[in-house]
file entry.txt (compact mmCIF, C-alpha atoms and all ligand atoms)
# COMPACT_ATOMS: atom_id res chain seq x y z
CA MET E 1 -79.08 -88.78 -33.52
CA SER E 2 -78.09 -89.53 -37.11
CA LYS E 3 -79.87 -87.75 -39.95
CA ILE E 4 -83.44 -88.81 -40.54
CA ILE E 5 -85.82 -88.32 -43.44
CA TYR E 6 -89.16 -87.72 -41.84
CA LEU E 7 -92.12 -88.97 -43.89
CA ASP E 8 -94.62 -89.53 -41.08
CA TYR E 9 -96.48 -86.22 -40.78
CA ASN E 10 -99.84 -87.92 -40.12
CA SER E 11 -98.33 -89.37 -36.97
CA THR E 12 -97.06 -86.03 -35.75
CA THR E 13 -95.42 -82.88 -37.08
CA PRO E 14 -92.33 -81.03 -35.90
CA ILE E 15 -93.03 -77.88 -33.89
CA ALA E 16 -92.65 -74.84 -36.16
CA SER E 17 -90.00 -72.40 -34.90
CA GLU E 18 -92.43 -69.45 -34.76
CA VAL E 19 -94.75 -71.62 -32.64
CA LEU E 20 -91.95 -72.39 -30.21
CA ASP E 21 -90.99 -68.69 -30.09
CA ALA E 22 -94.59 -67.70 -29.31
CA MET E 23 -94.74 -70.27 -26.49
CA MET E 24 -91.42 -69.51 -24.77
CA PRO E 25 -92.48 -66.45 -22.69
CA TYR E 26 -95.29 -68.54 -21.15
CA PHE E 27 -92.73 -71.05 -19.83
CA LYS E 28 -90.62 -68.26 -18.38
CA GLU E 29 -91.89 -64.90 -17.13
CA LYS E 30 -95.59 -65.42 -18.03
CA TYR E 31 -96.11 -68.46 -15.82
CA GLN E 32 -98.98 -67.15 -13.66
CA ASN E 33 -102.24 -69.06 -13.43
CA PRO E 34 -104.72 -67.31 -15.77
CA SER E 35 -107.51 -67.82 -13.20
CA SER E 36 -105.71 -65.76 -10.56
CA LYS E 37 -106.97 -62.27 -9.85
CA TYR E 38 -103.85 -60.11 -9.99
CA GLN E 39 -102.80 -57.98 -12.93
CA SER E 40 -100.00 -60.22 -14.31
CA ALA E 41 -102.30 -63.28 -14.28
CA MET E 42 -105.23 -61.44 -15.79
CA GLU E 43 -103.02 -60.38 -18.69
CA ILE E 44 -102.31 -64.05 -19.37
CA SER E 45 -106.01 -64.80 -19.24
CA VAL E 46 -106.48 -62.14 -21.93
CA ASP E 47 -103.78 -63.85 -24.05
CA VAL E 48 -105.61 -67.18 -23.73
CA GLU E 49 -108.89 -65.56 -24.75
CA ASN E 50 -107.18 -63.89 -27.70
CA ALA E 51 -105.86 -67.30 -28.77
CA ARG E 52 -109.39 -68.70 -28.50
CA ALA E 53 -110.80 -65.81 -30.54
CA THR E 54 -108.14 -66.29 -33.23
CA ILE E 55 -108.95 -69.98 -33.58
CA ALA E 56 -112.71 -69.33 -33.49
CA LYS E 57 -112.35 -66.84 -36.34
CA LEU E 58 -110.17 -69.18 -38.40
CA LEU E 59 -112.67 -72.03 -37.97
CA GLY E 60 -115.61 -69.76 -38.78
CA ALA E 61 -117.15 -70.24 -35.34
CA LYS E 62 -119.78 -67.69 -34.28
CA VAL E 63 -118.42 -66.97 -30.81
CA PRO E 64 -115.09 -67.85 -29.14
CA GLU E 65 -116.98 -69.75 -26.41
CA GLU E 66 -117.66 -72.46 -29.00
CA ILE E 67 -113.95 -73.37 -28.81
CA LEU E 68 -112.90 -75.58 -25.92
CA PHE E 69 -109.20 -76.24 -25.28
CA THR E 70 -108.46 -79.86 -24.42
CA GLY E 71 -105.40 -82.05 -23.91
CA SER E 72 -105.62 -83.95 -27.23
CA ALA E 73 -107.94 -84.96 -30.04
CA THR E 74 -108.57 -88.16 -28.07
CA GLU E 75 -109.91 -86.09 -25.18
CA SER E 76 -112.02 -83.91 -27.51
CA ILE E 77 -113.51 -87.04 -29.08
CA ASN E 78 -114.29 -88.65 -25.71
CA HIS E 79 -115.79 -85.39 -24.52
CA ALA E 80 -118.04 -85.05 -27.58
CA ILE E 81 -119.21 -88.67 -27.56
CA ARG E 82 -119.55 -89.37 -23.86
CA GLY E 83 -120.72 -85.85 -23.05
CA THR E 84 -123.60 -86.17 -25.53
CA LEU E 85 -124.68 -89.56 -24.24
CA LYS E 86 -124.63 -88.31 -20.65
CA ALA E 87 -126.77 -85.33 -21.60
CA TYR E 88 -129.40 -87.57 -23.25
CA PRO E 89 -129.40 -90.77 -21.17
CA ASN E 90 -132.61 -92.20 -22.61
CA LYS E 91 -131.30 -92.71 -26.13
CA LYS E 92 -129.13 -95.74 -26.71
CA HIS E 93 -128.15 -95.99 -30.39
CA ILE E 94 -124.88 -94.60 -31.78
CA ILE E 95 -123.33 -94.78 -35.26
CA THR E 96 -119.76 -94.64 -36.51
CA THR E 97 -117.61 -96.30 -39.21
CA THR E 98 -115.30 -99.31 -39.23
CA VAL E 99 -112.30 -97.17 -40.21
CA GLU E 100 -112.19 -94.61 -37.41
CA HIS E 101 -109.12 -93.91 -35.31
CA PRO E 102 -109.02 -95.96 -32.07
CA ALA E 103 -109.94 -92.75 -30.21
CA VAL E 104 -113.46 -93.26 -31.60
CA LEU E 105 -113.57 -97.03 -32.12
CA GLU E 106 -112.38 -97.94 -28.62
CA THR E 107 -114.77 -95.41 -27.10
CA PHE E 108 -117.66 -97.01 -29.00
CA LYS E 109 -116.61 -100.49 -27.88
CA ASP E 110 -116.48 -99.29 -24.29
CA LEU E 111 -119.95 -97.79 -24.65
CA GLU E 112 -121.26 -101.08 -26.05
CA ARG E 113 -120.08 -102.70 -22.83
CA ASP E 114 -122.22 -100.13 -21.02
CA GLY E 115 -125.32 -101.21 -22.95
CA TYR E 116 -125.29 -98.87 -25.99
CA ARG E 117 -126.18 -100.30 -29.42
CA ALA E 118 -123.56 -99.32 -31.98
CA THR E 119 -123.75 -99.46 -35.77
CA TYR E 120 -120.40 -99.54 -37.62
CA LEU E 121 -120.82 -98.38 -41.23
CA LYS E 122 -118.71 -100.32 -43.72
CA VAL E 123 -116.51 -98.87 -46.45
CA ASP E 124 -115.94 -100.22 -49.96
CA HIS E 125 -112.63 -101.24 -51.62
CA ASN E 126 -111.76 -97.58 -52.15
CA GLY E 127 -112.28 -96.83 -48.47
CA GLU E 128 -115.45 -94.85 -49.22
CA LEU E 129 -118.72 -94.72 -47.31
CA SER E 130 -122.25 -94.89 -48.68
CA VAL E 131 -124.38 -91.94 -47.62
CA ASP E 132 -127.37 -94.21 -48.15
CA ASP E 133 -126.07 -96.72 -45.59
CA LEU E 134 -126.00 -93.94 -43.02
CA LYS E 135 -129.54 -92.93 -43.92
CA GLN E 136 -130.74 -96.53 -43.39
CA ALA E 137 -128.94 -96.81 -40.06
CA ILE E 138 -130.46 -93.74 -38.36
CA THR E 139 -133.41 -94.49 -36.08
CA LYS E 140 -135.52 -92.52 -33.60
CA ASP E 141 -133.23 -93.84 -30.87
CA THR E 142 -130.01 -92.60 -32.56
CA ILE E 143 -128.42 -89.96 -30.38
CA LEU E 144 -125.03 -89.54 -32.05
CA VAL E 145 -123.27 -90.10 -35.36
CA SER E 146 -119.47 -89.84 -35.24
CA ILE E 147 -117.66 -89.95 -38.60
CA MET E 148 -114.09 -88.91 -39.27
CA TYR E 149 -113.41 -86.25 -41.90
CA THR E 150 -110.17 -87.66 -43.30
CA ASN E 151 -108.74 -91.10 -42.72
CA ASN E 152 -105.36 -91.06 -41.00
CA GLU E 153 -104.11 -94.21 -42.74
CA THR E 154 -105.25 -93.71 -46.34
CA GLY E 155 -106.02 -89.99 -46.57
CA VAL E 156 -109.49 -90.76 -47.97
CA VAL E 157 -111.87 -87.85 -47.36
CA PHE E 158 -115.47 -88.54 -46.37
CA PRO E 159 -118.26 -86.25 -47.66
CA ILE E 160 -118.89 -84.83 -44.23
CA ASP E 161 -121.28 -82.18 -45.61
CA LYS E 162 -123.62 -84.82 -47.06
CA LEU E 163 -123.26 -87.17 -44.10
CA SER E 164 -124.09 -84.50 -41.52
CA LYS E 165 -126.98 -83.19 -43.62
CA ILE E 166 -128.53 -86.63 -44.07
CA THR E 167 -128.21 -87.19 -40.32
CA LYS E 168 -130.25 -84.08 -39.51
CA GLU E 169 -132.79 -84.78 -42.27
CA ASN E 170 -133.46 -88.24 -40.90
CA ASN E 171 -133.49 -87.31 -37.25
CA PRO E 172 -133.09 -83.64 -36.29
CA GLU E 173 -132.45 -84.74 -32.70
CA THR E 174 -129.35 -86.76 -33.63
CA PHE E 175 -126.03 -85.02 -32.98
CA PHE E 176 -123.18 -85.15 -35.49
CA HIS E 177 -119.53 -85.26 -34.46
CA THR E 178 -116.55 -85.35 -36.78
CA ASP E 179 -112.98 -86.27 -35.92
CA ALA E 180 -111.22 -83.71 -38.10
CA THR E 181 -107.74 -84.39 -36.73
CA GLN E 182 -106.29 -85.19 -40.16
CA ALA E 183 -108.29 -82.55 -42.05
CA ILE E 184 -107.01 -79.41 -40.35
CA GLY E 185 -104.40 -77.62 -42.44
CA LYS E 186 -105.37 -79.74 -45.44
CA ILE E 187 -109.00 -78.79 -46.09
CA PRO E 188 -110.48 -75.28 -45.64
CA ILE E 189 -113.09 -75.24 -42.86
CA ASN E 190 -115.85 -72.74 -42.14
CA LEU E 191 -118.12 -74.16 -39.48
CA TYR E 192 -121.01 -71.78 -40.16
CA SER E 193 -121.00 -72.25 -43.94
CA ASP E 194 -123.77 -74.30 -45.59
CA GLU E 195 -121.33 -77.16 -46.01
CA PHE E 196 -120.54 -77.49 -42.30
CA LYS E 197 -123.61 -76.11 -40.57
CA HIS E 198 -124.97 -79.55 -39.59
CA ILE E 199 -121.86 -80.49 -37.62
CA ASP E 200 -122.44 -80.14 -33.87
CA PHE E 201 -119.02 -81.19 -32.60
CA PHE E 202 -115.63 -81.02 -34.29
CA SER E 203 -112.42 -82.46 -32.78
CA MET E 204 -108.80 -81.80 -33.63
CA SER E 205 -105.28 -81.90 -32.27
CA GLY E 206 -102.37 -79.44 -32.19
CA HIS E 207 -99.56 -81.83 -33.04
CA LYS E 208 -100.75 -82.46 -36.59
CA ILE E 209 -100.36 -78.77 -37.47
CA TYR E 210 -96.88 -77.98 -36.15
CA ALA E 211 -97.97 -77.22 -32.56
CA PRO E 212 -96.92 -79.40 -29.61
CA LYS E 213 -98.41 -82.73 -28.59
CA GLY E 214 -100.82 -82.53 -25.67
CA VAL E 215 -103.21 -79.81 -26.79
CA GLY E 216 -106.47 -80.16 -28.71
CA ILE E 217 -109.69 -78.40 -29.58
CA LEU E 218 -113.32 -79.34 -29.36
CA PHE E 219 -115.77 -77.11 -31.22
CA ILE E 220 -119.19 -77.27 -29.56
CA ARG E 221 -121.86 -75.54 -31.64
CA LYS E 222 -123.79 -72.93 -29.70
CA GLY E 223 -126.95 -74.56 -28.38
CA ALA E 224 -125.63 -78.15 -28.44
CA ARG E 225 -125.81 -79.61 -24.95
CA LEU E 226 -122.98 -81.71 -23.50
CA ARG E 227 -122.41 -82.98 -19.96
CA LYS E 228 -118.98 -82.12 -18.58
CA PHE E 229 -116.45 -84.87 -19.30
CA ILE E 230 -113.57 -83.80 -17.06
CA THR E 231 -115.11 -82.60 -13.82
CA GLY E 232 -113.17 -80.20 -11.62
CA GLY E 233 -112.82 -76.44 -11.39
CA HIS E 234 -114.88 -73.98 -13.39
CA HIS E 235 -112.29 -73.56 -16.14
CA GLU E 236 -113.18 -73.25 -19.82
CA PHE E 237 -116.62 -71.70 -19.16
CA ASN E 238 -117.27 -74.52 -16.72
CA LYS E 239 -117.04 -77.09 -19.52
CA ARG E 240 -113.68 -78.68 -18.61
CA GLY E 241 -111.95 -78.80 -15.25
CA GLY E 242 -108.19 -78.26 -15.04
CA THR E 243 -105.82 -75.29 -15.29
CA PRO E 244 -105.40 -74.53 -18.98
CA ASN E 245 -102.08 -75.37 -20.62
CA VAL E 246 -101.26 -71.77 -21.45
CA PRO E 247 -98.01 -72.14 -23.48
CA PHE E 248 -99.53 -74.89 -25.63
CA ILE E 249 -102.73 -72.92 -26.24
CA ILE E 250 -100.68 -69.90 -27.35
CA GLY E 251 -98.61 -72.19 -29.61
CA LEU E 252 -101.71 -73.79 -31.04
CA ALA E 253 -103.21 -70.44 -32.05
CA LYS E 254 -99.93 -69.48 -33.75
CA ALA E 255 -99.77 -72.82 -35.56
CA PHE E 256 -103.38 -72.50 -36.62
CA GLU E 257 -102.81 -69.06 -38.13
CA HIS E 258 -99.81 -70.33 -40.06
CA SER E 259 -101.66 -73.44 -41.37
CA ILE E 260 -104.63 -71.43 -42.57
CA ASP E 261 -102.42 -68.79 -44.22
CA ASP E 262 -100.49 -71.59 -45.89
CA LEU E 263 -103.64 -73.28 -47.12
CA LYS E 264 -104.89 -69.99 -48.56
CA SER E 265 -101.59 -69.52 -50.39
CA GLY E 266 -101.96 -72.98 -51.95
CA LYS E 267 -98.52 -74.08 -50.73
CA PRO E 268 -99.45 -77.34 -48.95
CA GLN E 269 -101.67 -78.39 -51.86
CA LYS E 270 -98.50 -78.47 -54.00
CA LEU E 271 -97.41 -81.48 -51.94
CA ALA E 272 -99.76 -83.44 -54.22
CA VAL E 273 -97.08 -83.17 -56.91
CA LEU E 274 -94.57 -84.89 -54.61
CA ARG E 275 -97.15 -87.47 -53.54
CA ASP E 276 -97.96 -88.26 -57.19
CA PHE E 277 -94.28 -88.44 -58.08
CA LEU E 278 -93.73 -90.88 -55.21
CA GLU E 279 -96.59 -93.15 -56.26
CA THR E 280 -95.74 -93.06 -59.98
CA GLU E 281 -92.08 -93.85 -59.39
CA LEU E 282 -92.84 -96.69 -57.00
CA LYS E 283 -95.39 -98.19 -59.39
CA LYS E 284 -92.84 -98.02 -62.21
CA LYS E 285 -90.19 -99.82 -60.18
CA ILE E 286 -92.18 -102.30 -58.08
CA PRO E 287 -94.49 -104.95 -59.53
CA TYR E 288 -97.56 -106.01 -57.52
CA MET E 289 -97.77 -102.75 -55.65
CA TYR E 290 -101.08 -101.08 -54.70
CA VAL E 291 -102.08 -97.63 -53.55
CA ASN E 292 -104.78 -98.20 -50.94
CA GLY E 293 -107.53 -95.63 -51.30
CA GLY E 294 -105.87 -94.41 -54.52
CA ASN E 295 -109.16 -94.63 -56.46
CA ALA E 296 -111.25 -92.77 -53.89
CA LYS E 297 -113.08 -89.67 -55.13
CA ALA E 298 -111.25 -87.48 -52.64
CA ARG E 299 -107.94 -88.00 -50.89
CA VAL E 300 -105.81 -85.46 -49.01
CA PHE E 301 -102.67 -84.36 -50.82
CA ASN E 302 -100.09 -85.60 -48.36
CA THR E 303 -100.86 -89.28 -47.72
CA SER E 304 -99.88 -92.44 -49.59
CA ASN E 305 -100.77 -95.86 -48.28
CA VAL E 306 -99.02 -98.48 -50.35
CA SER E 307 -98.73 -102.24 -50.12
CA PHE E 308 -96.63 -104.87 -51.82
CA ASP E 309 -97.62 -108.49 -52.26
CA CYS E 310 -95.85 -111.17 -50.26
CA ILE E 311 -93.79 -109.24 -47.71
CA GLU E 312 -94.25 -107.83 -44.21
CA GLY E 313 -94.75 -104.10 -43.53
CA GLU E 314 -92.73 -104.38 -40.33
CA SER E 315 -89.70 -105.75 -42.22
CA ILE E 316 -89.94 -102.90 -44.72
CA LEU E 317 -90.15 -100.42 -41.86
CA PHE E 318 -87.11 -101.93 -40.17
CA GLN E 319 -85.04 -101.73 -43.37
CA LEU E 320 -86.18 -98.18 -44.06
CA ASP E 321 -85.40 -97.19 -40.50
CA LYS E 322 -81.84 -98.44 -40.89
CA LEU E 323 -81.47 -95.90 -43.71
CA GLY E 324 -83.04 -93.12 -41.63
CA PHE E 325 -86.51 -93.06 -43.24
CA CYS E 326 -89.43 -92.58 -40.83
CA VAL E 327 -92.74 -93.98 -42.11
CA SER E 328 -95.61 -95.90 -40.49
CA SER E 329 -97.17 -99.27 -41.01
CA GLY E 330 -100.92 -98.92 -40.55
CA SER E 331 -101.68 -96.25 -37.97
CA ALA E 332 -98.97 -95.20 -35.53
CA CYS E 333 -101.13 -96.46 -32.70
CA THR E 334 -101.26 -100.02 -34.05
CA SER E 335 -97.73 -100.34 -35.36
CA GLY E 336 -95.80 -102.68 -33.15
CA SER E 337 -98.47 -105.29 -33.73
CA LEU E 338 -98.27 -107.60 -36.74
CA GLU E 339 -102.06 -107.57 -37.24
CA PRO E 340 -103.00 -105.95 -40.53
CA SER E 341 -104.55 -102.54 -40.04
CA HIS E 342 -108.28 -102.46 -39.28
CA VAL E 343 -108.70 -99.83 -42.01
CA LEU E 344 -107.22 -102.04 -44.73
CA ARG E 345 -109.20 -105.03 -43.43
CA ALA E 346 -112.37 -102.96 -43.66
CA MET E 347 -111.43 -102.08 -47.27
CA GLN E 348 -111.10 -105.82 -48.00
CA VAL E 349 -107.47 -105.44 -49.00
CA PRO E 350 -106.20 -109.02 -49.53
CA LEU E 351 -104.13 -110.36 -46.64
CA THR E 352 -101.03 -110.85 -48.81
CA SER E 353 -100.78 -107.13 -49.36
CA ALA E 354 -102.53 -105.79 -46.22
CA HIS E 355 -99.66 -107.23 -44.18
CA SER E 356 -97.16 -105.19 -46.14
CA SER E 357 -98.80 -101.79 -46.07
CA ILE E 358 -96.80 -98.71 -45.24
CA ARG E 359 -98.02 -95.14 -44.89
CA ILE E 360 -95.95 -92.29 -46.21
CA SER E 361 -97.23 -88.89 -45.13
CA ILE E 362 -95.44 -85.73 -46.15
CA GLY E 363 -95.64 -82.16 -44.90
CA ARG E 364 -94.31 -78.63 -44.70
CA TYR E 365 -90.62 -79.50 -44.57
CA THR E 366 -90.56 -82.40 -47.06
CA LYS E 367 -88.21 -81.78 -49.99
CA LYS E 368 -88.14 -83.30 -53.46
CA GLU E 369 -84.72 -84.83 -52.62
CA ASP E 370 -86.29 -86.69 -49.68
CA ILE E 371 -88.77 -88.35 -52.01
CA GLU E 372 -86.11 -89.04 -54.63
CA MET E 373 -84.01 -90.84 -52.03
CA PHE E 374 -87.05 -92.74 -50.84
CA VAL E 375 -88.09 -93.95 -54.30
CA ASP E 376 -84.54 -95.06 -54.85
CA ALA E 377 -84.28 -97.00 -51.57
CA LEU E 378 -87.68 -98.66 -51.25
CA PRO E 379 -87.71 -100.73 -54.47
CA LYS E 380 -84.35 -102.27 -53.49
CA ILE E 381 -85.71 -103.18 -50.05
CA VAL E 382 -88.88 -104.72 -51.50
CA LYS E 383 -86.80 -106.73 -54.01
CA ARG E 384 -84.51 -108.06 -51.26
CA LEU E 385 -87.40 -109.02 -48.99
CA ARG E 386 -89.27 -110.75 -51.80
CA GLU E 387 -86.19 -112.82 -52.57
CA ILE E 388 -86.50 -114.44 -49.17
CA SER E 389 -90.32 -114.60 -49.14
CA PRO E 390 -91.85 -118.10 -49.35
CA PHE E 391 -94.71 -116.62 -51.39
CA TRP E 392 -92.64 -114.99 -54.13
CA ASP E 393 -91.56 -116.62 -57.39
CA LYS E 394 -88.10 -115.19 -57.99
CA LYS E 395 -87.85 -116.46 -61.57
CA LEU E 396 -91.19 -115.12 -62.74
CA ASN E 397 -91.02 -112.06 -60.47
CA LYS E 398 -94.56 -112.55 -59.20
CA PRO E 399 -96.43 -114.22 -56.31
CA ASN E 400 -96.22 -118.04 -56.41
CA GLU E 401 -99.12 -120.50 -56.10
CA MET E 402 -98.77 -120.60 -52.28
CA ALA E 403 -99.57 -116.88 -52.11
CA ALA E 404 -103.05 -117.53 -53.51
CA HIS E 405 -104.02 -119.27 -50.24
CA TYR E 406 -103.46 -116.03 -48.44
CA SER E 407 -105.00 -113.66 -50.96
CA CYS E 408 -108.62 -114.13 -49.97
CA PRO E 409 -110.30 -110.93 -48.79
CA THR E 410 -110.45 -110.54 -45.03
CA ASP E 411 -113.58 -109.54 -43.14
N1 LIG Y 1 -107.99 -89.02 -34.73
C1 LIG Y 1 -107.18 -89.19 -35.80
C2 LIG Y 1 -107.80 -89.31 -37.15
C3 LIG Y 1 -105.80 -89.22 -35.63
O1 LIG Y 1 -105.00 -89.37 -36.68
C4 LIG Y 1 -105.27 -89.11 -34.31
C5 LIG Y 1 -103.81 -89.21 -34.09
O2 LIG Y 1 -103.07 -89.80 -34.83
C6 LIG Y 1 -106.16 -88.93 -33.24
C7 LIG Y 1 -107.51 -88.89 -33.49
C8 LIG Y 1 -105.66 -88.79 -31.83
O3 LIG Y 1 -105.02 -87.56 -31.66
P1 LIG Y 1 -104.26 -87.20 -30.28
O4 LIG Y 1 -102.93 -87.85 -30.39
O5 LIG Y 1 -104.17 -85.72 -30.25
O6 LIG Y 1 -105.09 -87.72 -29.19
call {"tool": "encode", "arguments": {"input": "entry.txt", "output": "structure tokens", "more": "lines below"}}
Ligand code: PLP
result
Amino acid sequence: MSKIIYLDYNSTTPIASEVLDAMMPYFKEKYQNPSSKYQSAMEISVDVENARATIAKLLGAKVPEEILFTGSATESINHAIRGTLKAYPNKKHIITTTVEHPAVLETFKDLERDGYRATYLKVDHNGELSVDDLKQAITKDTILVSIMYTNNETGVVFPIDKLSKITKENNPETFFHTDATQAIGKIPINLYSDEFKHIDFFSMSGHKIYAPKGVGILFIRKGARLRKFITGGHHEFNKRGGTPNVPFIIGLAKAFEHSIDDLKSGKPQKLAVLRDFLETELKKKIPYMYVNGGNAKARVFNTSNVSFDCIEGESILFQLDKLGFCVSSGSACTSGSLEPSHVLRAMQVPLTSAHSSIRISIGRYTKKEDIEMFVDALPKIVKRLREISPFWDKKLNKPNEMAAHYSCPTD
């Protein structure tokens, strides 16, 4: 494979070498099933429980049993949402936002087909939610609120402390779940602190923090009741059937330790300097460029969602790919479709620019030179594509009158 410049860390991260090293023995000599009752297997069971205890401590959980190992954030999310509804079958109202990852949105749509009433909270132009809208939406019949912590496309951070608190104040019997997949390793978490104490369920994934794909975590606060989602054997304290994925669990604990140590050292936060450099340089060189979510009160330090009037995101991606740059258009799960991203639509980003959005997300191994090369290449690509765009006035270097027909806000 020719050299690539990877700027798509929100999609997935490379596996850190110390994570791989920690996992290797569990693919080789430590292959026994941790549920088996001989010495070599029981030692592996101890290793799994140590991994659980490490993660519990790093998340500020009270007891390791609050940590459930799953196969992905998508599974954790399904478990939290569907497991709650199964445990309380008489309540039929659920709340989420219009900008969630499909793991939540598609689950809600499926539940609507099963007769649940769903409220989708809207965001404003900055991608922000109104705490008051949530307050108005909660009823006696509301069993679950599911709101993401950090948006995967824009990096906008929701005030999860206020949102979970308002949920409990308005209906103490409503459960609160957050999809924290894009927050881990970027925002310090302590699930028993005042800030987080109203969150009942917390989902995340290994492959966003330099662990492998195919392993996730669901935090279930002690006392919160969930029906089993994956039925089978009595694994995971009888909360999830299926032999645990031992090497990946060991790798996840290692990755978690590293991410939290890093965050404490302030190293990842310094990526904000690179992110700001990227946005400033692009703005200097490209007219009619927008940073989606750029005016939000809080945004994680690694994500830039930018759009350019009058061109297609997919064409930009294709040109960037030819030069070895890996970025996303919209979320990784929707790229491949030419529909503008549901997140940008919800933010009322005009169609002319929503179509051209790309997401640049940086991480542990991103270097200044990578960004320098990127800010050199992208303006040239945008210029070339605009020259052949029917909506671009080449002489005046701005959108032409035809573009106006497409610039109305979308719903
Ligand atoms: N939630 C968010 C916010 C995400 O960004 C992703 C993955 O991109 C997921 C959920 C799904 O994670 P997984 O691939 O582990 O199922």
call {"tool": "closest_residue", "arguments": {"input": "entry.txt", "among": "E:Val327, E:Ile184, E:Ile15, E:Met204", "to": "ligand LIG 1 (chain Y)", "atoms": "all atoms listed in the file"}}
result
E:Met204
call {"tool": "closest_residue", "arguments": {"input": "entry.txt", "among": "E:Leu163, E:Ala183, E:Ile316, E:Ile67", "to": "ligand LIG 1 (chain Y)", "atoms": "only C-alpha atoms and all ligand atoms"}}
result
E:Ala183
call {"tool": "residues_near_ligand", "arguments": {"input": "entry.txt", "ligand": "ligand LIG 1 (chain Y)", "cutoff": "6 Å", "atoms": "all atoms listed in the file", "output": "VMD selection string"}}
result
chain E and resid 11 72 to 74 101 103 151 to 152 179 181 to 182 205
call {"tool": "atom_distance", "arguments": {"input": "entry.txt", "atom1": "CA of Leu263 in chain E", "atom2": "CA of Gly185 in chain E"}}
result
6.4 Å
call {"tool": "closest_residue", "arguments": {"input": "entry.txt", "among": "E:Ser17, E:Thr178, E:Thr139, E:Ser329", "to": "Ser203 in chain E", "atoms": "only C-alpha atoms"}}
result
E:Thr178
call {"tool": "atom_distance", "arguments": {"input": "entry.txt", "atom1": "CA of Gly60 in chain E", "atom2": "CA of Asp194 in chain E"}}
result
11.6 Å
call {"tool": "closest_residue", "arguments": {"input": "entry.txt", "among": "E:Met373, E:Leu144, E:Val63, E:Val48", "to": "Tyr6 in chain E", "atoms": "only C-alpha atoms"}}
result
E:Met373
call {"tool": "atom_distance", "arguments": {"input": "entry.txt", "atom1": "CA of Glu195 in chain E", "atom2": "CA of Phe256 in chain E"}}
result
20.8 Å
call {"tool": "closest_residue", "arguments": {"input": "entry.txt", "among": "E:Gly216, E:Pro379, E:Gly83, E:Pro268", "to": "Asn245 in chain E", "atoms": "all atoms listed in the file"}}
result
E:Gly216
call {"tool": "residues_around", "arguments": {"input": "entry.txt", "residues": "Thr303 in chain E", "least_positions_apart": "3", "cutoff": "10 Å", "atoms": "only C-alpha atoms", "output": "PyMOL selection string"}}
result
chain E and resi 7-10+151-156+271-272+275-276+293-294+299-300+306+359-363
call {"tool": "closest_residue", "arguments": {"input": "entry.txt", "among": "E:Ser341, E:Asn292, E:Ser357, E:Ser36", "to": "Asp309 in chain E", "atoms": "only C-alpha atoms"}}
result
E:Ser357
call {"tool": "decode", "arguments": {"input": "entry.txt", "residues": "range 143-151 of chain E", "atoms": "N, CA, C and O atoms", "output": "mmCIF file, in the first residue's frame"}}
result
data_model
loop_
_atom_site.group_PDB
_atom_site.id
_atom_site.type_symbol
_atom_site.label_atom_id
_atom_site.label_comp_id
_atom_site.auth_asym_id
_atom_site.auth_seq_id
_atom_site.Cartn_x
_atom_site.Cartn_y
_atom_site.Cartn_z
ATOM 1 N N ILE E 143 -39.686 6.718 29.309
ATOM 2 C CA ILE E 143 -38.897 5.707 30.004
ATOM 3 C C ILE E 143 -37.394 5.904 29.789
ATOM 4 O O ILE E 143 -36.591 5.592 30.663
ATOM 5 N N LEU E 144 -37.035 6.496 28.639
ATOM 6 C CA LEU E 144 -35.593 6.610 28.357
ATOM 7 C C LEU E 144 -35.273 7.868 27.555
ATOM 8 O O LEU E 144 -35.993 8.217 26.608
ATOM 9 N N VAL E 145 -34.180 8.517 27.950
ATOM 10 C CA VAL E 145 -33.603 9.600 27.140
ATOM 11 C C VAL E 145 -32.219 9.109 26.722
ATOM 12 O O VAL E 145 -31.433 8.656 27.561
ATOM 13 N N SER E 146 -31.930 9.187 25.415
ATOM 14 C CA SER E 146 -30.613 8.770 24.927
ATOM 15 C C SER E 146 -30.008 9.935 24.147
ATOM 16 O O SER E 146 -30.513 10.307 23.083
ATOM 17 N N ILE E 147 -28.947 10.523 24.687
ATOM 18 C CA ILE E 147 -28.319 11.681 24.037
ATOM 19 C C ILE E 147 -26.810 11.465 23.986
ATOM 20 O O ILE E 147 -26.187 11.132 24.993
ATOM 21 N N MET E 148 -26.245 11.666 22.796
ATOM 22 C CA MET E 148 -24.808 11.437 22.644
ATOM 23 C C MET E 148 -24.018 12.500 23.409
ATOM 24 O O MET E 148 -24.511 13.609 23.648
ATOM 25 N N TYR E 149 -22.798 12.164 23.783
ATOM 26 C CA TYR E 149 -21.962 13.113 24.518
ATOM 27 C C TYR E 149 -21.284 14.067 23.532
ATOM 28 O O TYR E 149 -21.323 15.288 23.676
ATOM 29 N N THR E 150 -20.676 13.476 22.498
ATOM 30 C CA THR E 150 -19.914 14.270 21.528
ATOM 31 C C THR E 150 -20.295 13.818 20.134
ATOM 32 O O THR E 150 -20.317 12.619 19.867
ATOM 33 N N ASN E 151 -20.575 14.778 19.264
ATOM 34 C CA ASN E 151 -21.016 14.389 17.926
ATOM 35 C C ASN E 151 -19.841 13.907 17.074
ATOM 36 O O ASN E 151 -18.807 14.569 16.989
#
